[in-house]
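Structure first, commentary second.
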Amino acid sequence: MGGKNLIKSNRKVILEGMRDGIPIGLGYLAVSFSLGIAAKTAGLNAFQSFLASLLCNASAGEYSGFTVIAADSSYFVIALATLVANARYLLMSCALSQRISNDTSIIHRLLLGFFVTDEFFGISISRSGKLNPFYTYGAILIGCPCWAFGSMLGTIAGNLLPLRIVSALSVALFGMFLAIIVPPSRKNKTLLGIVLVSFAASFAFAYLPVINQIDEGTRTIILTIVISAAAALLFPVKEEEENENVA
Amino acid sequence: MSHNPYIYILIMAAVTFAIRVLPLTLVKKQFTNTFVRSFLYYVPYVTLSVMTFPAIINATHSPIAGIVAFAAGLVAAWFNAGLFKVSCVCCAVVFILEFFV
């Protein structure tokens with residue numbers, strides 16, 4: 001009875017996740033393809049490139065790892081570089097921990113954790129109410145193979161894919177981000193202001209001298225912490241607001 | 001290279017996994033502090049905004065195509081087009097524009 005309904009709804013939720021995983025997969029193909037080229041430059045073969053993407057699922061993190069490998073630096077350096085490039089996932093996982101129900105099992109927590117990417121995180125928090133992990137798994141089923149095989153293809157095929165196609169596909173992920181942040185901002189003027197401030201600050205950080213020397217991952221962390229903390233102080237969120245949520 | 005590539009990859013994977021999994025496994029309760037709750041509520045929007053702009057402009061072959069894709073994506077998202085449609089609009093804009101610029 002209850003169990004059967006639950007399974008049925010999980011299947012439906014997986015399908016929803018798979019649908020939303022399609023743009024993620026397309027974007028991943030484009031991004032991981034260029035990542036595969038970077039892996040090749042670092043001296044990795046197609047299988048190693050595939051393995052790195054399968055196990056890490058991180059664009060900036062893998063890229064910074066590959067530059068360490070290319071320089072043949074120590075194992076400590078690659079650990080540190082990975083930590084810095086991926087530190088934003090610590091914040092995302094923290095935020096995600098508040099969106100799953102308290103009794104979520106350890107298996108689901110480990111699985112969700114393994115796949116916290118910008119994109120899977122983005123679509124997961126855009127669900128209203130508590131997150132059903134199966135939604136994220138649906139998206140992972142589409143996105144993850146694209147990521148791993150895209151890297152492998154990039155390492156093998158290098159520059160075979162027409163530049164025009166790579167260029168077009170590379171905005172798929174950003175389009176998705178916009179679809180996540182804009183609709184709730186339309187309903188909530190405070191959020192709209194914060195999003196606009198974030199755009200402006202990010203633009204400034206990318207082009208101001210000295211500051212633009214900081215790598216992109218670190219800039220993202222600094223801006224996220226500073227802007228979110230300021231927003232939390234100035235505009236504390238009421239509980240109803242939090243629950244009514246996005247999508 | 002003098003280092004083993006598989007050890008490099010395993011270290012990358014282990015560090016990445018630890019960062020992602022620790023908060024999810026250690027934080028099993030809902031935070032009650034208003035500041036912490038508000039902070040975590042804003043984090044996703046701020047971080048996704050910061051990652052999108054101006055990165056979208058530099059992602060495309062022509063920056064102009066990136067700017068127009070950004071504008072088109074904003075409009076499509078404003079009218080609740082949904083994840084897939086907004087993505088397609090952005091890709092299509094870049095694909096078409098790059099024939100001309």
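Following the order of the structure tokens, chains are lettered A, B, ..., residues in each are numbered from 1, and ligands are numbered from 1.
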
Worksheet item: Neighbours of segment 55-64 of chain B within 12 Å (only C-alpha atoms; same-chain residues fewer than 5 positions away dropped), as a count of residues only?
Response: 48

Item to complete: Might you pull out every residue within 12 Å of Ser105 of chain A, with only C-alpha atoms counted and same-chain residues fewer than 3 positions away left off, and present them as a ChimeraX atom specification?
Response: /A:100-102,108-112,132-133 /B:24-25,28

With C-alpha atoms retained, export the selected residues as a CSV table (one decimal), in the first residue's frame.
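selection.csv, written as the output of this step:
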```csv
chain,number,residue,atom,x,y,z
A,100,ILE,CA,16.7,16.8,3.1
A,101,SER,CA,14.7,15.3,5.9
A,102,ASN,CA,16.4,14.5,9.2
A,108,HIS,CA,21.5,8.6,0.6
A,109,ARG,CA,23.7,11.1,2.3
A,110,LEU,CA,26.9,9.5,0.9
A,111,LEU,CA,25.4,9.1,-2.6
A,112,LEU,CA,24.1,12.7,-2.7
A,132,ASN,CA,13.5,13.4,-2.6
A,133,PRO,CA,17.1,12.1,-3.4
B,24,LEU,CA,25.9,16.0,4.7
B,25,THR,CA,26.8,13.2,7.1
B,28,LYS,CA,21.7,15.8,10.6
```

Worksheet entry | Given only C-alpha atoms as the counted atoms, nearest of B:Val21, B:Val75, B:Ala65, B:Leu26 to chain A | B:Val21

Fill in: Who sits within 9 Å of Phe35 of chain B, only C-alpha atoms, same chain under 4 positions skipped, as number ranges by chain
A: 229, 232-233, 236-237; B: 39-40

Item to complete: Pick out the residues sitting within 6 Å of segment 60-63 of chain A, and hand them over as a ChimeraX atom specification; count only C-alpha atoms, and ignore anything fewer than 5 positions along from it in its own chain.
Response: /A:82,85-86

For the residues selected in the previous step, produce a file with N, CA and C atoms as a short mmCIF file (atom, residue, chain, number, x, y, z; two decimals), in the first residue's frame.
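Ended up saving to part14.cif:
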```cif
data_model
loop_
_atom_site.label_atom_id
_atom_site.label_comp_id
_atom_site.auth_asym_id
_atom_site.auth_seq_id
_atom_site.Cartn_x
_atom_site.Cartn_y
_atom_site.Cartn_z
N THR A 82 43.10 20.62 -4.94
CA THR A 82 41.74 20.07 -5.04
C THR A 82 40.85 20.67 -3.95
N ALA A 85 40.00 24.38 -4.88
CA ALA A 85 39.11 24.50 -6.03
C ALA A 85 37.71 23.99 -5.72
N ASN A 86 37.59 23.08 -4.76
CA ASN A 86 36.29 22.47 -4.48
C ASN A 86 35.64 22.95 -3.19
#
```

Discussion item. I'd like the neighbourhood of Trp78 of chain B as a PyMOL selection string, where a residue qualifies if any of its atoms comes within 7 Å (using only C-alpha atoms), though same-chain residues fewer than 2 positions away should be ignored.
Written reply: (chain A and resi 182-183+186) or (chain B and resi 74-76+80)

Fill in: Nearest-residue call for chain B, choices A:Thr136, A:Asn45, A:Ser93, A:Thr190, using only C-alpha atoms
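Closest candidate: A:Ser93.
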
Item to complete: Taking the chain letters and numbering used in this document, name the residues of chain B that DSSP puts in alpha helix (DSSP H), as a count of residues only.
Response: 77

Worksheet item: So, counting only C-alpha atoms, which residue among B:Tyr8, B:Phe31, B:Arg20, B:Cys88 is closest to Thr67 of chain A?
Response: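 Comparing B:Tyr8, B:Phe31, B:Arg20, B:Cys88 against Thr67 of chain A, the winner is B:Tyr8.
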
Worksheet item: Any idea what's packed within 8 Å of Leu35 of chain A, counting only C-alpha atoms, ignoring anything in its chain fewer than 2 positions away? Could you give it as a list in words?
Response: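 Counting only the stated atoms, we get Val31, Ser32, Phe33, Ile37, Ala38, Ala39, Ser59, Glu62, Tyr63, Ser151 and Gly154 of chain A.
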
Discussion item. Need the shell around Ile24 of chain A: protein/DNA/RNA residues with any atom at most 10 Å away, counting only C-alpha atoms. Skip same-chain ones fewer than 5 positions apart. Format as a VMD selection string?
Written reply: (chain A and resid 18 to 19 29 119 to 120 123 139 to 140 142 to 144 146 to 147 172 to 176) or (chain B and resid 83 to 84 87)
